[in-house]
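Enquirer: This is the structure I have questions about; it appears just below.
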Amino acid sequence: MSQQWRSSHALVTGGGRGIGRAVAVALTEAGATVTILGRNRARLDEAVAAGAAKFAEVADVSDQVSVRSAIEAAAAWQPIDILIANAGAAESAPFGRSDATLFRRMMDVNFMGVVHATQAVLPGMIERRRGRVVAIASTAGLKGYAYVSAYSAAKHAVIGLVRSLALEMAKSGVTVNAVCPGFTETDLLEGSIDNIMKKTGRNREQAISELSKHNPQGRLVTPQEVADAVLWLCGEGAAAITGQAIAVAGGEV
């Protein structure tokens, strides 16, 4: 990270585990002050105690009032210069059994969560003419996968938001981008692995192979690889990079 961002305050939603925690650690190690936001206070406090971040705030990203309150509290410590909108959830079901409630749930967390957090931080960034917004989307936002139509639709919406908002912000000093990981080694992925094992009778190694076959490199992505891409987008050298959806997926898309 450039010197410009060493005095920055970064907020990472879903920062208590997985990709969010890896991003929080990377930003902390680069010199930023990091606040992580999530629903599980115990998990957030453990991450802070471990040095992954300096502060933690509890909020459900699907609840606009909750998000605004948490971000106002975080900004009281120091204005927020970097937003990593990472919080998300994935559920799988055939389209015929994906009811309106499932679609709303996936949209509320994966898409509206990005909207709520971005709307909360953007006015201050615009006023200071300085900011980075990075949404953690997915390769599911760039292509389709069977049995995750609701999740994929939400992630496509995130990328549409990023591309449109980047144009609005083009002359403001704020960049808006998305990072799109392929299947990544996180506890969220464990649910998919368990689901494959349960439904197909395959063992764990076979289930992982089923997921990693999508990656031409024949492996799962690591959270650190995603964090490295995010860190670059937060730096001064990426000032001309905006409106992009960068895949971290071994050439899958």
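Starting from 1 in every chain, residues are counted up; chains themselves are A, B, ... following the order of the structure tokens, and ligands are numbered from 1 as listed.
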Using only C-alpha atoms, which protein or nucleic acid residues come within 12 Å of Leu167 of chain A? Drop anything in the same chain fewer than 6 positions from it, and give the result as a list in words.
Expert: Gly160, Leu161, Gly173, Val174, Thr175, Val176, Asn177, Ile241, Thr242, Gly243 and Gln244 of chain A
Enquirer: List the neighbours of segment 20-35 of chain A out to 7 Å using only C-alpha atoms; skip same-chain residues closer than 3 positions along the sequence, and give me the result as a PyMOL selection string.
Expert: chain A and resi 1+5-17+52-56+74+86+223-224+227+231
Enquirer: If we count only C-alpha atoms, what is near Val67 of chain A at a cut-off of 10 Å, once residues fewer than 4 positions away on the same chain are taken out, given as JSON, numbers by chain?
Expert: {"A": [13, 37, 38, 57, 58, 59, 60, 61, 62, 63, 71, 72, 73, 113, 116, 117, 118, 119, 120]}
Enquirer: State, in Å with one decimal place, the distance from atom CA of Leu142 of chain A to atom CA of Ala240 of chain A.
Expert: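 So the answer is 21.9 Å.
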Enquirer: Of the residues A:Ser212, A:Ser172, A:Asn203, A:Ser69, which is the one nearest to Glu127 of chain A, using only C-alpha atoms?
Expert: A:Ser172
Enquirer: Any idea what the distance is between atom CA of Ser164 of chain A and atom CA of Ile19 of chain A?
Expert: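 Here the two named atoms are 24.7 Å from each other.
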Enquirer: Can you work out which one of A:Ala247, A:Leu102, A:Asn40, A:Arg219 has the shortest atom-to-atom distance to Glu205 of chain A, counting only C-alpha atoms?
Expert: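 Among the listed residues, A:Arg219 lies closest to Glu205 of chain A.
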Enquirer: Would you please give, as a PyMOL selection string, all residues of segment 120-243 of chain A that DSSP assigns to helix (DSSP H, G or I) based on the backbone?
Expert: chain A and resi 120-128+139-141+149-168+187-200+204-212+223-234+236-238
Enquirer: List every residue of segment 37-73 of chain A that DSSP, applied to the backbone of this structure, places in strand (DSSP E or B), and write the result as a count of residues only.
Expert: 6
Enquirer: By how many Å are atom CA of Gly18 of chain A and atom CA of Glu185 of chain A apart?
Expert: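 The value is 7.9 Å.
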Enquirer: Taking into account only C-alpha atoms, which residue in the set A:Ile82, A:Val134, A:Ala90, A:Leu211 is nearest to Ala153 of chain A?
Expert: A:Ala90
Enquirer: If we count only C-alpha atoms, what is near Met125 of chain A at a cut-off of 8 Å, once residues fewer than 3 positions away on the same chain are taken out, given as a compact mmCIF listing (two decimals) with N, CA, C and O atoms, in the first residue's frame?
Expert:
```txt
# COMPACT_ATOMS: atom_id res chain seq x y z
N ILE A 80 -13.84 7.24 7.31
CA ILE A 80 -13.58 6.00 6.56
C ILE A 80 -13.17 6.33 5.13
O ILE A 80 -13.89 7.00 4.40
N ASP A 81 -11.99 5.85 4.76
CA ASP A 81 -11.44 6.10 3.44
C ASP A 81 -11.57 4.91 2.50
O ASP A 81 -11.52 5.06 1.28
N VAL A 121 -20.91 5.29 3.59
CA VAL A 121 -19.54 5.84 3.59
C VAL A 121 -19.30 6.86 2.48
O VAL A 121 -18.40 7.69 2.59
N LEU A 122 -20.10 6.82 1.43
CA LEU A 122 -19.78 7.61 0.24
C LEU A 122 -19.82 9.12 0.45
O LEU A 122 -18.93 9.83 -0.07
N ARG A 128 -14.24 14.51 1.00
CA ARG A 128 -12.78 14.56 1.12
C ARG A 128 -12.08 14.31 -0.21
O ARG A 128 -10.86 14.40 -0.30
N ARG A 129 -12.87 13.97 -1.26
CA ARG A 129 -12.34 13.66 -2.59
C ARG A 129 -11.26 12.57 -2.51
O ARG A 129 -10.22 12.65 -3.14
N ARG A 130 -11.59 11.53 -1.77
CA ARG A 130 -10.60 10.48 -1.52
C ARG A 130 -11.33 9.23 -1.04
O ARG A 130 -12.02 9.28 -0.02
N GLY A 131 -11.20 8.14 -1.76
CA GLY A 131 -11.84 6.92 -1.26
C GLY A 131 -11.70 5.75 -2.20
O GLY A 131 -11.46 5.90 -3.41
N VAL A 174 -12.98 9.05 -5.90
CA VAL A 174 -13.38 7.76 -5.33
C VAL A 174 -13.45 6.72 -6.45
O VAL A 174 -14.08 6.96 -7.48
```
Enquirer: For Ile246 of chain A, work out the shell of residues within 10 Å, counting only C-alpha atoms and skipping chain neighbours fewer than 4 positions away, then give it as a list in words.
Expert: Ile136, Ala137, Ser138, Thr139, Leu142, Asn177, Ala178, Val179, Cys180, Pro181, Val226, Ala229, Val230, Leu233 and Val253 of chain A
